[in-house]
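Structure file my_file14.cif with mmCIF, C-alpha atoms:
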data_structure
loop_
_atom_site.group_PDB
_atom_site.id
_atom_site.type_symbol
_atom_site.label_atom_id
_atom_site.label_comp_id
_atom_site.auth_asym_id
_atom_site.auth_seq_id
_atom_site.Cartn_x
_atom_site.Cartn_y
_atom_site.Cartn_z
ATOM 1 C CA GLY A 657 -43.313 -17.619 23.899
ATOM 2 C CA ASN A 658 -46.728 -19.099 23.356
ATOM 3 C CA SER A 659 -48.789 -17.948 20.413
ATOM 4 C CA VAL A 660 -51.623 -18.950 18.117
ATOM 5 C CA THR A 661 -51.895 -18.129 14.442
ATOM 6 C CA GLN A 662 -55.155 -18.663 12.654
ATOM 7 C CA MET A 663 -56.731 -17.807 9.349
ATOM 8 C CA GLU A 664 -58.028 -14.286 9.198
ATOM 9 C CA GLY A 665 -61.287 -13.580 7.519
ATOM 10 C CA PRO A 666 -63.813 -12.581 6.993
ATOM 11 C CA VAL A 667 -64.997 -15.638 5.110
ATOM 12 C CA THR A 668 -68.343 -16.031 3.383
ATOM 13 C CA LEU A 669 -69.672 -19.438 2.408
ATOM 14 C CA SER A 670 -72.866 -20.806 1.006
ATOM 15 C CA GLU A 671 -74.957 -23.165 3.070
ATOM 16 C CA GLU A 672 -73.763 -26.789 2.925
ATOM 17 C CA ALA A 673 -70.246 -25.781 1.887
ATOM 18 C CA PHE A 674 -67.178 -27.373 3.484
ATOM 19 C CA LEU A 675 -65.369 -25.309 6.082
ATOM 20 C CA THR A 676 -61.731 -25.364 7.139
ATOM 21 C CA ILE A 677 -60.196 -22.813 9.465
ATOM 22 C CA ASN A 678 -56.475 -23.252 9.871
ATOM 23 C CA CYS A 679 -54.811 -22.858 13.242
ATOM 24 C CA THR A 680 -51.178 -23.372 14.183
ATOM 25 C CA TYR A 681 -49.519 -22.798 17.494
ATOM 26 C CA THR A 682 -46.203 -22.221 19.193
ATOM 27 C CA ALA A 683 -45.833 -23.377 22.760
ATOM 28 C CA THR A 684 -43.025 -24.002 25.198
ATOM 29 C CA GLY A 685 -44.707 -27.014 26.760
ATOM 30 C CA TYR A 686 -47.541 -29.387 25.947
ATOM 31 C CA PRO A 687 -50.628 -27.241 25.508
ATOM 32 C CA SER A 688 -54.289 -28.035 25.489
ATOM 33 C CA LEU A 689 -55.969 -26.685 22.375
ATOM 34 C CA PHE A 690 -59.397 -25.124 22.014
ATOM 35 C CA TRP A 691 -61.821 -23.686 19.534
ATOM 36 C CA TYR A 692 -64.188 -21.049 20.842
ATOM 37 C CA VAL A 693 -67.128 -19.567 18.971
ATOM 38 C CA GLN A 694 -68.753 -16.197 19.500
ATOM 39 C CA TYR A 695 -72.239 -15.707 18.128
ATOM 40 C CA PRO A 696 -73.467 -12.141 17.585
ATOM 41 C CA GLY A 697 -74.164 -10.394 20.879
ATOM 42 C CA GLU A 698 -73.015 -13.328 22.996
ATOM 43 C CA GLY A 699 -69.909 -14.320 24.919
ATOM 44 C CA LEU A 700 -67.332 -16.792 23.696
ATOM 45 C CA GLN A 701 -68.430 -20.403 24.027
ATOM 46 C CA LEU A 702 -66.243 -23.459 24.044
ATOM 47 C CA LEU A 703 -66.839 -25.364 20.820
ATOM 48 C CA LEU A 704 -64.376 -28.208 21.269
ATOM 49 C CA LYS A 705 -61.040 -29.041 22.768
ATOM 50 C CA ALA A 706 -58.191 -31.555 22.741
ATOM 51 C CA THR A 707 -55.711 -32.061 25.510
ATOM 52 C CA LYS A 708 -53.030 -34.261 23.946
ATOM 53 C CA ALA A 709 -51.525 -35.212 20.621
ATOM 54 C CA ASP A 710 -53.784 -37.090 18.194
ATOM 55 C CA ASP A 711 -56.892 -36.311 20.229
ATOM 56 C CA LYS A 712 -59.876 -35.287 18.163
ATOM 57 C CA GLY A 713 -62.361 -32.807 19.542
ATOM 58 C CA SER A 714 -65.835 -32.728 18.059
ATOM 59 C CA ASN A 715 -69.091 -30.896 18.646
ATOM 60 C CA LYS A 716 -72.071 -29.746 16.556
ATOM 61 C CA GLY A 717 -70.560 -31.311 13.434
ATOM 62 C CA PHE A 718 -67.238 -29.520 13.894
ATOM 63 C CA GLU A 719 -64.006 -31.447 14.312
ATOM 64 C CA ALA A 720 -60.378 -30.646 15.012
ATOM 65 C CA THR A 721 -57.419 -32.987 15.543
ATOM 66 C CA TYR A 722 -54.426 -32.120 17.695
ATOM 67 C CA ARG A 723 -51.412 -32.577 15.399
ATOM 68 C CA LYS A 724 -48.208 -32.277 17.349
ATOM 69 C CA GLU A 725 -45.966 -32.926 14.359
ATOM 70 C CA THR A 726 -47.386 -29.956 12.476
ATOM 71 C CA THR A 727 -48.344 -27.958 15.593
ATOM 72 C CA SER A 728 -51.809 -27.531 14.171
ATOM 73 C CA PHE A 729 -55.439 -27.754 15.252
ATOM 74 C CA HIS A 730 -57.463 -27.033 12.134
ATOM 75 C CA LEU A 731 -61.233 -26.748 12.472
ATOM 76 C CA GLU A 732 -63.448 -28.494 9.924
ATOM 77 C CA LYS A 733 -67.105 -28.962 9.205
ATOM 78 C CA GLY A 734 -68.470 -30.868 6.278
ATOM 79 C CA SER A 735 -71.629 -28.869 5.701
ATOM 80 C CA VAL A 736 -72.086 -25.456 7.251
ATOM 81 C CA GLN A 737 -75.430 -23.919 8.120
ATOM 82 C CA VAL A 738 -76.592 -20.325 8.353
ATOM 83 C CA SER A 739 -76.633 -20.749 12.130
ATOM 84 C CA ASP A 740 -72.871 -21.338 12.071
ATOM 85 C CA SER A 741 -72.296 -17.680 11.233
ATOM 86 C CA ALA A 742 -70.062 -16.433 14.047
ATOM 87 C CA VAL A 743 -66.498 -15.542 14.965
ATOM 88 C CA TYR A 744 -64.222 -18.518 15.627
ATOM 89 C CA PHE A 745 -61.187 -18.332 17.900
ATOM 90 C CA CYS A 746 -58.410 -20.876 18.226
ATOM 91 C CA ALA A 747 -56.695 -20.893 21.612
ATOM 92 C CA LEU A 748 -54.205 -22.758 23.733
ATOM 93 C CA SER A 749 -53.604 -23.232 27.407
ATOM 94 C CA LEU A 750 -50.686 -24.779 29.178
ATOM 95 C CA GLN A 751 -52.805 -25.618 32.186
ATOM 96 C CA GLY A 752 -55.796 -27.454 30.820
ATOM 97 C CA GLY A 753 -58.072 -24.511 30.227
ATOM 98 C CA SER A 754 -58.719 -23.230 33.714
ATOM 99 C CA GLU A 755 -55.872 -20.804 33.526
ATOM 100 C CA LYS A 756 -54.495 -18.434 30.973
ATOM 101 C CA LEU A 757 -55.736 -18.802 27.442
ATOM 102 C CA VAL A 758 -53.723 -17.528 24.494
ATOM 103 C CA PHE A 759 -56.012 -16.680 21.590
ATOM 104 C CA GLY A 760 -55.655 -16.306 17.867
ATOM 105 C CA LYS A 761 -57.131 -13.215 16.238
ATOM 106 C CA GLY A 762 -60.430 -14.826 15.403
ATOM 107 C CA MET A 763 -62.121 -15.373 12.084
ATOM 108 C CA LYS A 764 -65.560 -14.141 11.160
ATOM 109 C CA LEU A 765 -67.624 -16.628 9.191
ATOM 110 C CA THR A 766 -70.810 -15.716 7.371
ATOM 111 C CA VAL A 767 -72.941 -18.462 5.878
ATOM 112 C CA ASN A 768 -75.504 -17.439 3.300
ATOM 113 C CA PRO A 769 -78.616 -19.472 2.495
ATOM 114 C CA GLY B 581 -75.140 -23.999 31.250
ATOM 115 C CA ALA B 582 -73.139 -21.519 33.302
ATOM 116 C CA VAL B 583 -73.843 -17.880 32.459
ATOM 117 C CA VAL B 584 -71.603 -14.859 32.852
ATOM 118 C CA SER B 585 -72.962 -11.355 32.409
ATOM 119 C CA GLN B 586 -71.286 -7.986 32.016
ATOM 120 C CA HIS B 587 -72.602 -4.518 32.676
ATOM 121 C CA PRO B 588 -72.696 -2.208 30.928
ATOM 122 C CA SER B 589 -72.501 -3.652 27.450
ATOM 123 C CA TRP B 590 -71.474 -0.301 26.038
ATOM 124 C CA VAL B 591 -70.185 2.869 27.694
ATOM 125 C CA ILE B 592 -68.885 6.217 26.542
ATOM 126 C CA CYS B 593 -66.919 8.385 28.925
ATOM 127 C CA LYS B 594 -64.923 11.568 28.758
ATOM 128 C CA SER B 595 -61.161 11.595 28.945
ATOM 129 C CA GLY B 596 -59.947 11.821 32.541
ATOM 130 C CA THR B 597 -62.972 10.160 34.108
ATOM 131 C CA SER B 598 -63.223 6.665 35.544
ATOM 132 C CA VAL B 599 -65.543 3.905 34.488
ATOM 133 C CA LYS B 600 -66.475 0.671 36.229
ATOM 134 C CA ILE B 601 -67.349 -2.560 34.443
ATOM 135 C CA GLU B 602 -69.069 -5.403 36.283
ATOM 136 C CA CYS B 603 -68.708 -9.114 35.629
ATOM 137 C CA ARG B 604 -71.144 -11.498 37.282
ATOM 138 C CA SER B 605 -71.460 -15.254 37.349
ATOM 139 C CA LEU B 606 -75.232 -15.638 37.389
ATOM 140 C CA ASP B 607 -75.781 -19.255 38.370
ATOM 141 C CA PHE B 608 -72.500 -20.382 39.895
ATOM 142 C CA GLN B 609 -69.797 -19.220 42.229
ATOM 143 C CA ALA B 610 -66.444 -18.336 40.753
ATOM 144 C CA THR B 611 -63.337 -17.970 42.847
ATOM 145 C CA THR B 612 -61.371 -17.096 39.730
ATOM 146 C CA MET B 613 -62.292 -14.659 37.002
ATOM 147 C CA PHE B 614 -60.240 -13.236 34.166
ATOM 148 C CA TRP B 615 -60.259 -9.905 32.379
ATOM 149 C CA TYR B 616 -59.334 -9.681 28.714
ATOM 150 C CA ARG B 617 -58.978 -6.816 26.320
ATOM 151 C CA GLN B 618 -59.612 -7.008 22.602
ATOM 152 C CA PHE B 619 -58.573 -4.472 20.000
ATOM 153 C CA PRO B 620 -60.206 -4.421 16.565
ATOM 154 C CA LYS B 621 -59.051 -7.334 14.433
ATOM 155 C CA GLN B 622 -56.782 -8.494 17.228
ATOM 156 C CA SER B 623 -56.912 -11.427 19.573
ATOM 157 C CA LEU B 624 -58.084 -11.307 23.158
ATOM 158 C CA MET B 625 -55.231 -10.366 25.467
ATOM 159 C CA LEU B 626 -55.331 -11.422 29.096
ATOM 160 C CA MET B 627 -55.045 -8.411 31.379
ATOM 161 C CA ALA B 628 -55.349 -9.936 34.815
ATOM 162 C CA THR B 629 -56.533 -12.810 36.922
ATOM 163 C CA SER B 630 -59.059 -11.898 39.586
ATOM 164 C CA ASN B 631 -59.229 -14.084 42.689
ATOM 165 C CA GLU B 632 -61.998 -13.736 45.230
ATOM 166 C CA GLY B 633 -60.759 -12.235 48.463
ATOM 167 C CA SER B 634 -57.251 -11.476 47.257
ATOM 168 C CA LYS B 635 -55.382 -9.089 45.029
ATOM 169 C CA ALA B 636 -55.564 -9.513 41.296
ATOM 170 C CA THR B 637 -52.591 -10.806 39.361
ATOM 171 C CA TYR B 638 -51.744 -8.591 36.416
ATOM 172 C CA GLU B 639 -50.046 -9.607 33.206
ATOM 173 C CA GLN B 640 -46.803 -7.986 32.232
ATOM 174 C CA GLY B 641 -47.310 -4.533 30.787
ATOM 175 C CA VAL B 642 -50.735 -3.960 32.330
ATOM 176 C CA GLU B 643 -50.874 -0.966 34.662
ATOM 177 C CA LYS B 644 -52.417 -2.120 37.919
ATOM 178 C CA ASP B 645 -53.041 1.431 39.098
ATOM 179 C CA LYS B 646 -54.961 2.203 35.950
ATOM 180 C CA PHE B 647 -57.001 -0.978 35.724
ATOM 181 C CA LEU B 648 -58.314 -1.621 39.214
ATOM 182 C CA ILE B 649 -59.807 -5.049 39.783
ATOM 183 C CA ASN B 650 -61.945 -5.999 42.750
ATOM 184 C CA HIS B 651 -63.342 -9.486 43.316
ATOM 185 C CA ALA B 652 -65.262 -8.906 46.525
ATOM 186 C CA SER B 653 -67.697 -11.799 46.234
ATOM 187 C CA LEU B 654 -67.894 -15.211 44.608
ATOM 188 C CA THR B 655 -70.189 -13.902 41.895
ATOM 189 C CA LEU B 656 -68.855 -10.439 41.127
ATOM 190 C CA SER B 657 -65.636 -8.968 39.815
ATOM 191 C CA THR B 658 -65.267 -5.347 38.773
ATOM 192 C CA LEU B 659 -62.789 -3.628 36.506
ATOM 193 C CA THR B 660 -62.379 0.111 36.969
ATOM 194 C CA VAL B 661 -60.547 2.037 34.295
ATOM 195 C CA THR B 662 -59.203 5.083 36.103
ATOM 196 C CA SER B 663 -58.453 8.399 34.416
ATOM 197 C CA ALA B 664 -59.460 6.951 31.092
ATOM 198 C CA HIS B 665 -57.889 8.191 27.889
ATOM 199 C CA PRO B 666 -58.795 7.546 24.249
ATOM 200 C CA GLU B 667 -56.153 4.834 23.985
ATOM 201 C CA ASP B 668 -58.104 2.868 26.609
ATOM 202 C CA SER B 669 -60.985 2.559 24.182
ATOM 203 C CA SER B 670 -61.407 -1.132 23.586
ATOM 204 C CA PHE B 671 -63.605 -4.183 24.060
ATOM 205 C CA TYR B 672 -63.267 -5.659 27.547
ATOM 206 C CA ILE B 673 -64.281 -9.261 28.183
ATOM 207 C CA CYS B 674 -64.434 -11.177 31.425
ATOM 208 C CA SER B 675 -64.597 -14.879 32.075
ATOM 209 C CA ALA B 676 -65.200 -17.070 35.092
ATOM 210 C CA ILE B 677 -64.077 -20.552 36.002
ATOM 211 C CA TYR B 678 -66.841 -23.020 36.645
ATOM 212 C CA TRP B 679 -66.047 -26.225 38.513
ATOM 213 C CA GLY B 680 -68.413 -29.105 38.055
ATOM 214 C CA ALA B 681 -68.436 -32.873 37.787
ATOM 215 C CA GLY B 682 -64.712 -33.150 38.426
ATOM 216 C CA SER B 683 -63.681 -30.776 35.685
ATOM 217 C CA TYR B 684 -63.573 -27.071 35.018
ATOM 218 C CA GLU B 685 -64.302 -24.760 32.180
ATOM 219 C CA GLN B 686 -63.967 -21.071 31.468
ATOM 220 C CA TYR B 687 -67.209 -19.209 30.661
ATOM 221 C CA PHE B 688 -67.141 -15.809 29.021
ATOM 222 C CA GLY B 689 -69.241 -12.705 29.337
ATOM 223 C CA PRO B 690 -70.547 -10.908 26.227
ATOM 224 C CA GLY B 691 -68.073 -8.047 26.584
ATOM 225 C CA THR B 692 -68.193 -4.309 27.243
ATOM 226 C CA ARG B 693 -67.391 -1.759 24.574
ATOM 227 C CA LEU B 694 -65.612 1.270 26.113
ATOM 228 C CA THR B 695 -65.225 4.450 24.110
ATOM 229 C CA VAL B 696 -63.271 7.322 25.637
ATOM 230 C CA THR B 697 -63.789 10.697 24.003
#
Just give me the structure of the file as structure tokens.
Amino acid sequence: GNSVTQMEGPVTLSEEAFLTINCTYTATGYPSLFWYVQYPGEGLQLLLKATKADDKGSNKGFEATYRKETTSFHLEKGSVQVSDSAVYFCALSLQGGSEKLVFGKGMKLTVNP
Amino acid sequence: GAVVSQHPSWVICKSGTSVKIECRSLDFQATTMFWYRQFPKQSLMLMATSNEGSKATYEQGVEKDKFLINHASLTLSTLTVTSAHPEDSSFYICSAIYWGAGSYEQYFGPGTRLTVT
């Protein structure tokens, strides 16, 4: 079946630290991959996505590269800010994102000033 | 951007009663909405796909008679948890598909916390 495994937190970093959140997947086909972010009291928001191997998604200083050979989609940011404190979810879809999403468990990140 | 709201954000009900949760797309029409359930420290699990004007499609293992879904308009889907029991306590999240500029994206509501006592 299809599944997503991601780092479990919670994780606390200092401002300007480097962030990596690991995400690996198992899929029967060729999935699209996503990172969603949920800020306190808000709904999940799409952070970035990649639809095929070697694609790099990027947004707000975050990046993730679709690695088919390692079935991974790790999220990185070079210098986190307090405003990046949120819960981050890795997800996949076999139909481009308009259909069923399979989520990882989410990781709570807290960034301290 | 597209906004999806849920009401209520938090509800407590007694065992055996029913509770209705609303999901609204505020500034767009959505023919397709999804309902997810999230347990503490667990991932979001898709419960059902709600299509405007037709019956919902439930995921395997989800009781359709317990979780009633109605998508009567292009901006509103409702989830009714019937004869709720403590094991139904969970965080329920909806999402809606927004089509625009030749592409589509799924927008999520903020979730509803249900506690059954």
### Task
List the neighbours of segment 594-600 of chain B out to 10 Å using only C-alpha atoms; skip same-chain residues closer than 3 positions along the sequence, and give me the result as a PyMOL selection string.
chain B and resi 587-588+591+646-649+658-668+694-697
### Task
Carefully work through the PyMOL selection byres ((chain B) within 12 of (chain A)) for this structure and note down the residues it includes, as a count of residues only.
54
### Query
atom CA of Val743 of chain A and atom CA of Tyr692 of chain A are how many Å apart?
8.4 Å
### Message
So, with all atoms listed in the file as the atoms that count, which of A:Leu704, A:Val767, A:Met663, A:Ala709 lies closest to Thr726 of chain A?
### Response
A:Ala709
### Task
Please indicate the distance in Å from atom CA of Ala720 of chain A to atom CA of Pro687 of chain A, rounded to one decimal place.
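If I compute the distance from atom CA of Ala720 of chain A to atom CA of Pro687 of chain A, I get 14.7 Å.
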Segment 714-725 of chain A rebuilt with all heavy atoms, output as a CSV table (one decimal), in the frame of the given file:
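Saved the output as rebuild-v2.csv:
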chain,number,residue,atom,x,y,z
A,714,SER,N,-64.7,-32.9,19.0
A,714,SER,CA,-65.8,-32.7,18.1
A,714,SER,C,-67.1,-32.2,18.8
A,714,SER,O,-67.3,-32.5,20.0
A,714,SER,CB,-66.1,-34.1,17.4
A,714,SER,OG,-66.5,-35.0,18.4
A,715,ASN,N,-67.9,-31.4,18.1
A,715,ASN,CA,-69.1,-30.9,18.6
A,715,ASN,C,-69.9,-30.2,17.5
A,715,ASN,O,-69.3,-29.5,16.7
A,715,ASN,CB,-68.8,-29.9,19.8
A,715,ASN,CG,-70.0,-29.4,20.5
A,715,ASN,OD1,-71.0,-30.0,20.5
A,715,ASN,ND2,-69.9,-28.2,21.1
A,716,LYS,N,-71.2,-30.4,17.5
A,716,LYS,CA,-72.1,-29.7,16.6
A,716,LYS,C,-71.6,-29.9,15.1
A,716,LYS,O,-71.8,-29.0,14.3
A,716,LYS,CB,-72.2,-28.2,16.9
A,716,LYS,CG,-72.7,-27.9,18.3
A,716,LYS,CD,-72.8,-26.4,18.5
A,716,LYS,CE,-73.3,-26.1,19.9
A,716,LYS,NZ,-73.4,-24.6,20.1
A,717,GLY,N,-71.0,-31.0,14.8
A,717,GLY,CA,-70.6,-31.3,13.4
A,717,GLY,C,-69.2,-30.8,13.1
A,717,GLY,O,-68.6,-31.0,12.1
A,718,PHE,N,-68.6,-30.0,14.0
A,718,PHE,CA,-67.2,-29.5,13.9
A,718,PHE,C,-66.2,-30.5,14.5
A,718,PHE,O,-66.5,-31.2,15.4
A,718,PHE,CB,-67.1,-28.2,14.6
A,718,PHE,CG,-67.8,-27.0,14.0
A,718,PHE,CD1,-69.1,-26.8,14.4
A,718,PHE,CD2,-67.2,-26.2,13.1
A,718,PHE,CE1,-69.8,-25.7,13.9
A,718,PHE,CE2,-67.9,-25.1,12.6
A,718,PHE,CZ,-69.2,-24.9,12.9
A,719,GLU,N,-65.1,-30.6,13.8
A,719,GLU,CA,-64.0,-31.4,14.3
A,719,GLU,C,-62.7,-30.7,14.2
A,719,GLU,O,-62.5,-29.9,13.3
A,719,GLU,CB,-63.9,-32.7,13.5
A,719,GLU,CG,-65.1,-33.7,13.6
A,719,GLU,CD,-64.9,-34.9,12.8
A,719,GLU,OE1,-64.0,-35.0,11.9
A,719,GLU,OE2,-65.6,-35.9,13.1
A,720,ALA,N,-61.8,-31.1,15.1
A,720,ALA,CA,-60.4,-30.6,15.0
A,720,ALA,C,-59.5,-31.7,15.7
A,720,ALA,O,-59.8,-32.2,16.7
A,720,ALA,CB,-60.2,-29.3,15.7
A,721,THR,N,-58.4,-32.0,15.0
A,721,THR,CA,-57.4,-33.0,15.5
A,721,THR,C,-56.1,-32.3,16.0
A,721,THR,O,-55.5,-31.5,15.2
A,721,THR,CB,-57.1,-34.1,14.5
A,721,THR,OG1,-58.4,-34.7,14.1
A,721,THR,CG2,-56.2,-35.1,15.0
A,722,TYR,N,-55.7,-32.7,17.1
A,722,TYR,CA,-54.4,-32.1,17.7
A,722,TYR,C,-53.3,-32.8,17.0
A,722,TYR,O,-53.0,-34.0,17.2
A,722,TYR,CB,-54.4,-32.4,19.2
A,722,TYR,CG,-53.4,-31.8,20.0
A,722,TYR,CD1,-53.7,-31.4,21.3
A,722,TYR,CD2,-52.0,-31.7,19.6
A,722,TYR,CE1,-52.7,-30.9,22.2
A,722,TYR,CE2,-51.1,-31.2,20.5
A,722,TYR,CZ,-51.4,-30.8,21.7
A,722,TYR,OH,-50.5,-30.2,22.6
A,723,ARG,N,-52.5,-32.0,16.2
A,723,ARG,CA,-51.4,-32.6,15.4
A,723,ARG,C,-50.1,-32.0,15.9
A,723,ARG,O,-49.8,-30.8,15.6
A,723,ARG,CB,-51.5,-32.2,13.9
A,723,ARG,CG,-52.8,-32.8,13.2
A,723,ARG,CD,-52.8,-34.2,13.1
A,723,ARG,NE,-53.9,-34.7,12.3
A,723,ARG,CZ,-54.3,-36.0,12.2
A,723,ARG,NH1,-53.6,-36.9,13.0
A,723,ARG,NH2,-55.3,-36.3,11.4
A,724,LYS,N,-49.4,-32.8,16.7
A,724,LYS,CA,-48.2,-32.3,17.3
A,724,LYS,C,-47.1,-32.1,16.3
A,724,LYS,O,-46.3,-31.2,16.4
A,724,LYS,CB,-47.7,-33.2,18.4
A,724,LYS,CG,-46.6,-32.8,19.2
A,724,LYS,CD,-46.2,-33.8,20.3
A,724,LYS,CE,-44.9,-33.3,21.1
A,724,LYS,NZ,-44.6,-34.4,22.1
A,725,GLU,N,-47.1,-33.0,15.3
A,725,GLU,CA,-46.0,-32.9,14.4
A,725,GLU,C,-46.0,-31.7,13.5
A,725,GLU,O,-45.0,-31.2,13.0
A,725,GLU,CB,-46.0,-34.2,13.5
A,725,GLU,CG,-47.2,-34.4,12.6
A,725,GLU,CD,-48.3,-35.1,13.3
A,725,GLU,OE1,-48.3,-35.1,14.6
A,725,GLU,OE2,-49.3,-35.5,12.7
